[in-house]
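Text of the file my_file.cif, holding mmCIF, N, CA and C atoms:
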```
data_final
loop_
_atom_site.label_atom_id
_atom_site.label_comp_id
_atom_site.auth_asym_id
_atom_site.auth_seq_id
_atom_site.Cartn_x
_atom_site.Cartn_y
_atom_site.Cartn_z
N MET D 1 -30.95 -121.79 40.14
CA MET D 1 -30.34 -122.56 41.20
C MET D 1 -28.88 -122.11 41.31
N ASN D 2 -28.50 -121.72 42.49
CA ASN D 2 -27.12 -121.28 42.66
C ASN D 2 -26.20 -122.47 42.88
N LEU D 3 -24.91 -122.20 42.88
CA LEU D 3 -23.91 -123.26 42.95
C LEU D 3 -23.93 -123.98 44.29
N ASN D 4 -24.26 -123.28 45.35
CA ASN D 4 -24.30 -123.89 46.67
C ASN D 4 -25.40 -124.96 46.75
N LYS D 5 -26.58 -124.64 46.21
CA LYS D 5 -27.67 -125.62 46.21
C LYS D 5 -27.33 -126.81 45.32
N LEU D 6 -26.67 -126.55 44.19
CA LEU D 6 -26.27 -127.63 43.30
C LEU D 6 -25.26 -128.55 43.99
N ALA D 7 -24.31 -127.96 44.71
CA ALA D 7 -23.31 -128.76 45.42
C ALA D 7 -23.98 -129.64 46.48
N ARG D 8 -24.93 -129.08 47.21
CA ARG D 8 -25.64 -129.87 48.23
C ARG D 8 -26.41 -131.01 47.60
N LEU D 9 -27.05 -130.75 46.45
CA LEU D 9 -27.80 -131.79 45.75
C LEU D 9 -26.88 -132.91 45.29
N VAL D 10 -25.73 -132.57 44.73
CA VAL D 10 -24.78 -133.58 44.28
C VAL D 10 -24.26 -134.40 45.45
N VAL D 11 -23.98 -133.75 46.57
CA VAL D 11 -23.51 -134.47 47.76
C VAL D 11 -24.58 -135.43 48.26
N MET D 12 -25.82 -135.00 48.26
CA MET D 12 -26.90 -135.87 48.72
C MET D 12 -27.06 -137.09 47.80
N VAL D 13 -27.02 -136.87 46.50
CA VAL D 13 -27.17 -137.98 45.55
C VAL D 13 -26.02 -138.96 45.70
N LEU D 14 -24.80 -138.46 45.79
CA LEU D 14 -23.65 -139.35 45.94
C LEU D 14 -23.66 -140.06 47.29
N SER D 15 -24.17 -139.43 48.33
CA SER D 15 -24.28 -140.08 49.63
C SER D 15 -25.26 -141.24 49.58
N VAL D 16 -26.40 -141.03 48.97
CA VAL D 16 -27.38 -142.11 48.83
C VAL D 16 -26.80 -143.25 48.00
N LEU D 17 -26.10 -142.90 46.92
CA LEU D 17 -25.46 -143.91 46.09
C LEU D 17 -24.42 -144.70 46.89
N ALA D 18 -23.66 -144.04 47.72
CA ALA D 18 -22.66 -144.72 48.55
C ALA D 18 -23.33 -145.66 49.55
N ILE D 19 -24.45 -145.25 50.12
CA ILE D 19 -25.18 -146.11 51.06
C ILE D 19 -25.70 -147.36 50.35
N VAL D 20 -26.20 -147.18 49.13
CA VAL D 20 -26.68 -148.33 48.36
C VAL D 20 -25.53 -149.29 48.06
N PHE D 21 -24.38 -148.76 47.67
CA PHE D 21 -23.22 -149.60 47.40
C PHE D 21 -22.76 -150.32 48.66
N LEU D 22 -22.76 -149.64 49.78
CA LEU D 22 -22.36 -150.26 51.05
C LEU D 22 -23.30 -151.41 51.40
N ALA D 23 -24.59 -151.19 51.26
CA ALA D 23 -25.56 -152.25 51.55
C ALA D 23 -25.36 -153.43 50.61
N THR D 24 -25.05 -153.16 49.35
CA THR D 24 -24.82 -154.24 48.39
C THR D 24 -23.60 -155.06 48.77
N ILE D 25 -22.54 -154.38 49.20
CA ILE D 25 -21.32 -155.09 49.61
C ILE D 25 -21.59 -155.93 50.85
N MET D 26 -22.31 -155.39 51.80
CA MET D 26 -22.55 -156.11 53.05
C MET D 26 -23.43 -157.34 52.83
N MET D 27 -24.32 -157.31 51.84
CA MET D 27 -25.21 -158.44 51.59
C MET D 27 -24.65 -159.41 50.56
N SER D 28 -23.53 -159.12 49.98
CA SER D 28 -22.96 -159.95 48.93
C SER D 28 -22.20 -161.13 49.52
N ASP D 29 -22.18 -162.25 48.77
CA ASP D 29 -21.44 -163.43 49.19
C ASP D 29 -20.05 -163.46 48.59
N ALA D 30 -19.78 -162.64 47.60
CA ALA D 30 -18.46 -162.65 46.95
C ALA D 30 -17.40 -162.16 47.93
N SER D 31 -16.18 -162.63 47.72
CA SER D 31 -15.09 -162.28 48.65
C SER D 31 -14.76 -160.80 48.60
N ASP D 32 -14.88 -160.19 47.42
CA ASP D 32 -14.59 -158.76 47.31
C ASP D 32 -15.85 -157.92 47.39
N GLY D 33 -16.97 -158.52 47.65
CA GLY D 33 -18.22 -157.78 47.76
C GLY D 33 -18.89 -157.59 46.42
N GLY D 34 -18.19 -157.80 45.34
CA GLY D 34 -18.78 -157.67 44.02
C GLY D 34 -19.02 -156.25 43.57
N MET D 35 -18.82 -155.29 44.45
CA MET D 35 -19.13 -153.89 44.10
C MET D 35 -17.96 -152.96 44.40
N ILE D 36 -16.78 -153.48 44.55
CA ILE D 36 -15.64 -152.63 44.90
C ILE D 36 -15.33 -151.64 43.78
N THR D 37 -15.32 -152.10 42.55
CA THR D 37 -14.97 -151.23 41.42
C THR D 37 -15.92 -150.04 41.30
N PRO D 38 -17.25 -150.25 41.36
CA PRO D 38 -18.13 -149.06 41.28
C PRO D 38 -17.92 -148.08 42.43
N ILE D 39 -17.60 -148.58 43.61
CA ILE D 39 -17.37 -147.69 44.75
C ILE D 39 -16.09 -146.88 44.53
N ILE D 40 -15.09 -147.52 43.95
CA ILE D 40 -13.87 -146.78 43.65
C ILE D 40 -14.16 -145.67 42.65
N TYR D 41 -14.99 -145.95 41.65
CA TYR D 41 -15.35 -144.91 40.69
C TYR D 41 -16.15 -143.78 41.33
N VAL D 42 -17.03 -144.12 42.25
CA VAL D 42 -17.78 -143.09 42.98
C VAL D 42 -16.82 -142.24 43.81
N ALA D 43 -15.84 -142.88 44.43
CA ALA D 43 -14.85 -142.13 45.20
C ALA D 43 -14.07 -141.18 44.30
N TYR D 44 -13.68 -141.65 43.10
CA TYR D 44 -12.98 -140.78 42.15
C TYR D 44 -13.85 -139.59 41.76
N VAL D 45 -15.11 -139.85 41.48
CA VAL D 45 -16.02 -138.77 41.09
C VAL D 45 -16.18 -137.77 42.22
N MET D 46 -16.35 -138.27 43.44
CA MET D 46 -16.50 -137.36 44.59
C MET D 46 -15.23 -136.55 44.81
N LEU D 47 -14.07 -137.17 44.64
CA LEU D 47 -12.81 -136.44 44.79
C LEU D 47 -12.69 -135.35 43.73
N ILE D 48 -13.02 -135.66 42.49
CA ILE D 48 -12.94 -134.66 41.42
C ILE D 48 -13.91 -133.52 41.67
N ILE D 49 -15.12 -133.86 42.09
CA ILE D 49 -16.12 -132.82 42.39
C ILE D 49 -15.63 -131.92 43.53
N ALA D 50 -15.08 -132.52 44.57
CA ALA D 50 -14.57 -131.74 45.70
C ALA D 50 -13.43 -130.83 45.25
N ILE D 51 -12.52 -131.34 44.44
CA ILE D 51 -11.40 -130.53 43.95
C ILE D 51 -11.89 -129.37 43.10
N VAL D 52 -12.88 -129.64 42.24
CA VAL D 52 -13.42 -128.57 41.38
C VAL D 52 -14.07 -127.48 42.22
N PHE D 53 -14.88 -127.87 43.20
CA PHE D 53 -15.54 -126.86 44.03
C PHE D 53 -14.54 -126.07 44.87
N VAL D 54 -13.56 -126.75 45.43
CA VAL D 54 -12.55 -126.05 46.23
C VAL D 54 -11.76 -125.08 45.36
N ALA D 55 -11.37 -125.54 44.17
CA ALA D 55 -10.60 -124.66 43.27
C ALA D 55 -11.45 -123.46 42.83
N TYR D 56 -12.73 -123.70 42.54
CA TYR D 56 -13.61 -122.60 42.11
C TYR D 56 -13.74 -121.55 43.21
N TYR D 57 -14.06 -121.99 44.42
CA TYR D 57 -14.25 -121.01 45.50
C TYR D 57 -12.94 -120.35 45.90
N MET D 58 -11.84 -121.08 45.79
CA MET D 58 -10.54 -120.48 46.11
C MET D 58 -10.21 -119.37 45.10
N ILE D 59 -10.39 -119.66 43.82
CA ILE D 59 -10.09 -118.66 42.79
C ILE D 59 -11.06 -117.49 42.89
N LYS D 60 -12.33 -117.79 43.16
CA LYS D 60 -13.32 -116.73 43.31
C LYS D 60 -12.96 -115.82 44.49
N GLY D 61 -12.54 -116.41 45.61
CA GLY D 61 -12.15 -115.63 46.78
C GLY D 61 -10.89 -114.81 46.53
N LEU D 62 -9.94 -115.37 45.79
CA LEU D 62 -8.71 -114.64 45.50
C LEU D 62 -8.95 -113.48 44.54
N MET D 63 -9.84 -113.66 43.60
CA MET D 63 -10.13 -112.59 42.64
C MET D 63 -10.92 -111.46 43.28
N ALA D 64 -11.61 -111.73 44.37
CA ALA D 64 -12.39 -110.70 45.04
C ALA D 64 -11.49 -109.68 45.72
N LYS D 65 -10.32 -110.12 46.20
CA LYS D 65 -9.40 -109.23 46.90
C LYS D 65 -8.05 -109.31 46.20
N LYS D 66 -7.67 -108.26 45.51
CA LYS D 66 -6.43 -108.27 44.73
C LYS D 66 -5.19 -108.30 45.63
N GLY D 67 -5.23 -107.72 46.81
CA GLY D 67 -4.09 -107.74 47.72
C GLY D 67 -3.78 -109.14 48.21
N ASP D 68 -4.83 -109.93 48.41
CA ASP D 68 -4.64 -111.31 48.86
C ASP D 68 -4.00 -112.17 47.77
N LEU D 69 -4.25 -111.83 46.51
CA LEU D 69 -3.68 -112.59 45.40
C LEU D 69 -2.16 -112.49 45.41
N LYS D 70 -1.64 -111.30 45.65
CA LYS D 70 -0.19 -111.10 45.70
C LYS D 70 0.42 -111.88 46.87
N LYS D 71 -0.21 -111.83 48.03
CA LYS D 71 0.28 -112.56 49.20
C LYS D 71 0.25 -114.07 48.95
N THR D 72 -0.77 -114.53 48.25
CA THR D 72 -0.89 -115.96 47.94
C THR D 72 0.25 -116.40 47.04
N PHE D 73 0.54 -115.61 46.00
CA PHE D 73 1.63 -115.98 45.10
C PHE D 73 2.99 -115.94 45.80
N ILE D 74 3.18 -115.01 46.73
CA ILE D 74 4.42 -114.96 47.50
C ILE D 74 4.53 -116.21 48.37
N SER D 75 3.45 -116.61 49.01
CA SER D 75 3.47 -117.81 49.86
C SER D 75 3.73 -119.07 49.03
N ILE D 76 3.09 -119.18 47.88
CA ILE D 76 3.31 -120.33 47.01
C ILE D 76 4.76 -120.36 46.53
N GLY D 77 5.30 -119.20 46.17
CA GLY D 77 6.69 -119.12 45.74
C GLY D 77 7.65 -119.53 46.85
N ALA D 78 7.37 -119.10 48.08
CA ALA D 78 8.23 -119.48 49.21
C ALA D 78 8.16 -120.99 49.45
N PHE D 79 6.97 -121.55 49.35
CA PHE D 79 6.79 -122.99 49.53
C PHE D 79 7.54 -123.77 48.45
N LEU D 80 7.42 -123.33 47.21
CA LEU D 80 8.15 -123.98 46.12
C LEU D 80 9.66 -123.80 46.30
N GLY D 81 10.07 -122.66 46.83
CA GLY D 81 11.48 -122.42 47.11
C GLY D 81 12.03 -123.41 48.12
N VAL D 82 11.23 -123.73 49.13
CA VAL D 82 11.64 -124.73 50.12
C VAL D 82 11.85 -126.07 49.44
N PHE D 83 10.96 -126.44 48.52
CA PHE D 83 11.12 -127.72 47.83
C PHE D 83 12.31 -127.72 46.88
N VAL D 84 12.61 -126.60 46.27
CA VAL D 84 13.80 -126.53 45.42
C VAL D 84 15.05 -126.70 46.26
N ILE D 85 15.12 -126.02 47.39
CA ILE D 85 16.27 -126.15 48.29
C ILE D 85 16.38 -127.60 48.79
N ALA D 86 15.25 -128.19 49.15
CA ALA D 86 15.25 -129.58 49.62
C ALA D 86 15.71 -130.53 48.50
N PHE D 87 15.32 -130.25 47.26
CA PHE D 87 15.72 -131.09 46.13
C PHE D 87 17.22 -130.99 45.88
N VAL D 88 17.77 -129.78 46.01
CA VAL D 88 19.20 -129.58 45.78
C VAL D 88 20.01 -130.37 46.81
N PHE D 89 19.59 -130.40 48.05
CA PHE D 89 20.33 -131.08 49.10
C PHE D 89 19.95 -132.55 49.27
N ALA D 90 19.06 -133.06 48.43
CA ALA D 90 18.61 -134.45 48.55
C ALA D 90 19.67 -135.41 48.03
N ASP D 91 19.69 -136.59 48.66
CA ASP D 91 20.61 -137.65 48.25
C ASP D 91 19.89 -138.55 47.27
N GLY D 92 20.50 -138.82 46.13
CA GLY D 92 19.85 -139.62 45.09
C GLY D 92 20.60 -140.89 44.77
N THR D 93 20.89 -141.68 45.76
CA THR D 93 21.59 -142.95 45.50
C THR D 93 20.58 -144.09 45.50
N ALA D 94 20.81 -145.06 44.62
CA ALA D 94 19.94 -146.22 44.55
C ALA D 94 20.07 -147.02 45.84
N VAL D 95 18.95 -147.55 46.33
CA VAL D 95 18.94 -148.28 47.60
C VAL D 95 18.48 -149.72 47.34
N PRO D 96 19.29 -150.70 47.73
CA PRO D 96 18.86 -152.10 47.56
C PRO D 96 17.79 -152.46 48.59
N LEU D 97 16.85 -153.28 48.17
CA LEU D 97 15.78 -153.74 49.05
C LEU D 97 16.08 -155.14 49.57
N LYS D 98 15.37 -155.56 50.60
CA LYS D 98 15.58 -156.88 51.20
C LYS D 98 15.22 -158.02 50.25
N ASP D 99 14.21 -157.78 49.39
CA ASP D 99 13.76 -158.85 48.49
C ASP D 99 14.58 -158.94 47.21
N GLY D 100 15.68 -158.19 47.13
CA GLY D 100 16.55 -158.27 45.97
C GLY D 100 16.32 -157.16 44.96
N GLY D 101 15.23 -156.42 45.10
CA GLY D 101 14.96 -155.31 44.19
C GLY D 101 15.79 -154.09 44.54
N GLU D 102 15.49 -153.02 43.86
CA GLU D 102 16.25 -151.79 44.11
C GLU D 102 15.35 -150.58 43.89
N VAL D 103 15.47 -149.60 44.79
CA VAL D 103 14.78 -148.33 44.62
C VAL D 103 15.63 -147.47 43.71
N SER D 104 15.03 -146.92 42.67
CA SER D 104 15.80 -146.14 41.70
C SER D 104 16.38 -144.88 42.34
N ALA D 105 17.38 -144.33 41.69
CA ALA D 105 18.04 -143.13 42.22
C ALA D 105 17.06 -141.96 42.25
N PHE D 106 16.21 -141.84 41.23
CA PHE D 106 15.25 -140.72 41.21
C PHE D 106 14.22 -140.87 42.33
N ALA D 107 13.71 -142.08 42.54
CA ALA D 107 12.74 -142.30 43.62
C ALA D 107 13.38 -142.00 44.97
N SER D 108 14.63 -142.42 45.13
CA SER D 108 15.34 -142.13 46.38
C SER D 108 15.53 -140.63 46.57
N LYS D 109 15.83 -139.91 45.48
CA LYS D 109 16.01 -138.47 45.56
C LYS D 109 14.69 -137.78 45.91
N MET D 110 13.57 -138.27 45.37
CA MET D 110 12.27 -137.66 45.67
C MET D 110 11.86 -137.90 47.13
N VAL D 111 12.13 -139.09 47.65
CA VAL D 111 11.85 -139.37 49.06
C VAL D 111 12.70 -138.48 49.95
N SER D 112 13.97 -138.37 49.60
CA SER D 112 14.87 -137.52 50.36
C SER D 112 14.43 -136.05 50.29
N THR D 113 13.94 -135.64 49.12
CA THR D 113 13.43 -134.27 48.98
C THR D 113 12.25 -134.03 49.91
N GLY D 114 11.32 -134.98 49.97
CA GLY D 114 10.17 -134.84 50.86
C GLY D 114 10.58 -134.76 52.32
N LEU D 115 11.52 -135.59 52.71
CA LEU D 115 11.99 -135.56 54.09
C LEU D 115 12.71 -134.25 54.40
N ASN D 116 13.57 -133.81 53.49
CA ASN D 116 14.28 -132.53 53.70
C ASN D 116 13.29 -131.37 53.79
N ALA D 117 12.28 -131.37 52.92
CA ALA D 117 11.27 -130.30 52.97
C ALA D 117 10.53 -130.33 54.30
N PHE D 118 10.20 -131.53 54.78
CA PHE D 118 9.54 -131.65 56.08
C PHE D 118 10.42 -131.09 57.18
N TYR D 119 11.70 -131.43 57.17
CA TYR D 119 12.61 -130.94 58.20
C TYR D 119 12.72 -129.41 58.16
N ILE D 120 12.83 -128.86 56.96
CA ILE D 120 12.94 -127.40 56.83
C ILE D 120 11.68 -126.72 57.35
N LEU D 121 10.52 -127.22 56.92
CA LEU D 121 9.26 -126.60 57.34
C LEU D 121 9.03 -126.78 58.84
N ALA D 122 9.41 -127.93 59.39
CA ALA D 122 9.27 -128.14 60.84
C ALA D 122 10.18 -127.18 61.60
N LEU D 123 11.40 -127.00 61.13
CA LEU D 123 12.33 -126.08 61.78
C LEU D 123 11.80 -124.65 61.73
N VAL D 124 11.26 -124.24 60.58
CA VAL D 124 10.69 -122.90 60.47
C VAL D 124 9.51 -122.74 61.43
N ALA D 125 8.65 -123.76 61.52
CA ALA D 125 7.50 -123.68 62.42
C ALA D 125 7.94 -123.57 63.88
N ILE D 126 8.94 -124.35 64.26
CA ILE D 126 9.44 -124.29 65.64
C ILE D 126 10.05 -122.93 65.94
N LEU D 127 10.86 -122.42 65.01
CA LEU D 127 11.46 -121.10 65.20
C LEU D 127 10.41 -120.01 65.30
N LEU D 128 9.36 -120.11 64.49
CA LEU D 128 8.30 -119.10 64.56
C LEU D 128 7.53 -119.18 65.87
N MET D 129 7.34 -120.39 66.41
CA MET D 129 6.68 -120.51 67.71
C MET D 129 7.53 -119.88 68.81
N PHE D 130 8.83 -120.13 68.78
CA PHE D 130 9.72 -119.50 69.76
C PHE D 130 9.73 -117.98 69.61
N PHE D 131 9.77 -117.51 68.37
CA PHE D 131 9.80 -116.07 68.12
C PHE D 131 8.54 -115.39 68.62
N THR D 132 7.37 -115.97 68.30
CA THR D 132 6.13 -115.34 68.77
C THR D 132 6.00 -115.43 70.29
N GLY D 133 6.45 -116.53 70.87
CA GLY D 133 6.43 -116.63 72.34
C GLY D 133 7.36 -115.61 72.97
N TYR D 134 8.52 -115.43 72.39
CA TYR D 134 9.48 -114.44 72.91
C TYR D 134 8.93 -113.02 72.81
N THR D 135 8.31 -112.70 71.67
CA THR D 135 7.76 -111.34 71.52
C THR D 135 6.60 -111.09 72.49
N ARG D 136 5.81 -112.13 72.79
CA ARG D 136 4.73 -111.95 73.77
C ARG D 136 5.27 -111.76 75.17
N ILE D 137 6.30 -112.51 75.52
CA ILE D 137 6.90 -112.35 76.85
C ILE D 137 7.58 -111.01 76.98
N LYS D 138 8.20 -110.56 75.89
CA LYS D 138 8.93 -109.30 75.90
C LYS D 138 8.00 -108.12 76.15
N LYS D 139 6.76 -108.19 75.69
CA LYS D 139 5.79 -107.10 75.86
C LYS D 139 5.35 -107.09 77.27
#
```
As a first step, turn the structure in this file into structure tokens.
Amino acid sequence: MNLNKLARLVVMVLSVLAIVFLATIMMSDASDGGMITPIIYVAYVMLIIAIVFVAYYMIKGLMAKKGDLKKTFISIGAFLGVFVIAFVFADGTAVPLKDGGEVSAFASKMVSTGLNAFYILALVAILLMFFTGYTRIKK
């Protein structure tokens, strides 16, 4: 049995299990359905299975073509570089909340890092769209 058939079999079994859990929740009188915890565990299992299969096929595909492996590492390095730049320029001041609590300086810095990375990547995407449009018009 190859891996593709095994993956389909696992998906079918988990789908049937999810349908059974859904029916149990819908017929239950409990306020939380009585079956929320098992469904959460099924979701975790399905997520882990999906991650394993995606990682396996991604690594298998990268190992098949050595030139693509170098390009992939360059892209990952550039992406990580954007996050390093965003982290350097992030503001890390504690922020008071309305309910009297406070967001820590590190949490504030991480949120700011995510926003800065988004802005950088959005700017790069917009510039690339203009550049490709300009080169097409120029031809």
Distance cut-off 12 Å, centre (13.9, -122.9, 50.7) in file coordinates, counting only C-alpha atoms: which residues qualify? Return them as a ChimeraX atom specification.
/D:75-89,113,116-121,123-124
Since I can't run it myself right now, could you work out what the PyMOL selection byres ((chain D and resi 38-45) around 8) selects here and report it as an mmCIF file with N, CA and C atoms, in the frame of the given file?
```
data_model
loop_
_atom_site.group_PDB
_atom_site.id
_atom_site.type_symbol
_atom_site.label_atom_id
_atom_site.label_comp_id
_atom_site.auth_asym_id
_atom_site.auth_seq_id
_atom_site.Cartn_x
_atom_site.Cartn_y
_atom_site.Cartn_z
ATOM 1 N N LEU D 14 -24.800 -138.460 45.790
ATOM 2 C CA LEU D 14 -23.650 -139.350 45.940
ATOM 3 C C LEU D 14 -23.660 -140.060 47.290
ATOM 4 N N LEU D 17 -26.100 -142.900 46.920
ATOM 5 C CA LEU D 17 -25.460 -143.910 46.090
ATOM 6 C C LEU D 17 -24.420 -144.700 46.890
ATOM 7 N N ALA D 18 -23.660 -144.040 47.720
ATOM 8 C CA ALA D 18 -22.660 -144.720 48.550
ATOM 9 C C ALA D 18 -23.330 -145.660 49.550
ATOM 10 N N PHE D 21 -24.380 -148.760 47.670
ATOM 11 C CA PHE D 21 -23.220 -149.600 47.400
ATOM 12 C C PHE D 21 -22.760 -150.320 48.660
ATOM 13 N N LEU D 22 -22.760 -149.640 49.780
ATOM 14 C CA LEU D 22 -22.360 -150.260 51.050
ATOM 15 C C LEU D 22 -23.300 -151.410 51.400
ATOM 16 N N GLY D 34 -18.190 -157.800 45.340
ATOM 17 C CA GLY D 34 -18.780 -157.670 44.020
ATOM 18 C C GLY D 34 -19.020 -156.250 43.570
ATOM 19 N N MET D 35 -18.820 -155.290 44.450
ATOM 20 C CA MET D 35 -19.130 -153.890 44.100
ATOM 21 C C MET D 35 -17.960 -152.960 44.400
ATOM 22 N N ILE D 36 -16.780 -153.480 44.550
ATOM 23 C CA ILE D 36 -15.640 -152.630 44.900
ATOM 24 C C ILE D 36 -15.330 -151.640 43.780
ATOM 25 N N THR D 37 -15.320 -152.100 42.550
ATOM 26 C CA THR D 37 -14.970 -151.230 41.420
ATOM 27 C C THR D 37 -15.920 -150.040 41.300
ATOM 28 N N MET D 46 -16.350 -138.270 43.440
ATOM 29 C CA MET D 46 -16.500 -137.360 44.590
ATOM 30 C C MET D 46 -15.230 -136.550 44.810
ATOM 31 N N LEU D 47 -14.070 -137.170 44.640
ATOM 32 C CA LEU D 47 -12.810 -136.440 44.790
ATOM 33 C C LEU D 47 -12.690 -135.350 43.730
ATOM 34 N N ILE D 48 -13.020 -135.660 42.490
ATOM 35 C CA ILE D 48 -12.940 -134.660 41.420
ATOM 36 C C ILE D 48 -13.910 -133.520 41.670
ATOM 37 N N ILE D 49 -15.120 -133.860 42.090
ATOM 38 C CA ILE D 49 -16.120 -132.820 42.390
ATOM 39 C C ILE D 49 -15.630 -131.920 43.530
ATOM 40 N N ALA D 50 -15.080 -132.520 44.570
ATOM 41 C CA ALA D 50 -14.570 -131.740 45.700
ATOM 42 C C ALA D 50 -13.430 -130.830 45.250
ATOM 43 N N ILE D 51 -12.520 -131.340 44.440
ATOM 44 C CA ILE D 51 -11.400 -130.530 43.950
ATOM 45 C C ILE D 51 -11.890 -129.370 43.100
#
```
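Our summary of the geometry notes that atom CA of D:Val111 is positioned 19.6 Å from atom CA of D:Asp99.
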With a distance cut-off of 12 Å and only C-alpha atoms, select the neighbouring residues of D:Ala107, excluding the residue or stretch itself and same-chain residues fewer than 5 positions from it, and output the selection as a ChimeraX atom specification.
/D:87,90-95,102,112-114
Atom C of D:Ile25 to atom CA of D:Val10: how many Å, to one decimal?
23.5 Å
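For stretch 41-138 of chain D, backbone-based DSSP labels the following residues as strand (DSSP E): Val95, Pro96, Glu102 and Val103 of chain D.
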Saved selection, atoms kept: N, CA and C atoms, as a CSV table (one decimal), in the frame of the given file:
```
chain,number,residue,atom,x,y,z
D,95,VAL,N,19.0,-147.6,46.3
D,95,VAL,CA,18.9,-148.3,47.6
D,95,VAL,C,18.5,-149.7,47.3
D,96,PRO,N,19.3,-150.7,47.7
D,96,PRO,CA,18.9,-152.1,47.6
D,96,PRO,C,17.8,-152.5,48.6
D,102,GLU,N,15.5,-153.0,43.9
D,102,GLU,CA,16.2,-151.8,44.1
D,102,GLU,C,15.4,-150.6,43.9
D,103,VAL,N,15.5,-149.6,44.8
D,103,VAL,CA,14.8,-148.3,44.6
D,103,VAL,C,15.6,-147.5,43.7
```
Using atom N of D:Lys138 and atom C of D:Ala125 as the two end points, give the distance in Å to one decimal.
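Going from atom N of D:Lys138 over to atom C of D:Ala125, I get 17.7 Å.
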Identify, with DSSP run on backbone atoms, the residues in stretch 10-138 of chain D assigned to alpha helix (DSSP H), and express the list as a PyMOL selection string.
chain D and resi 10-27+36-64+66-88+105-138
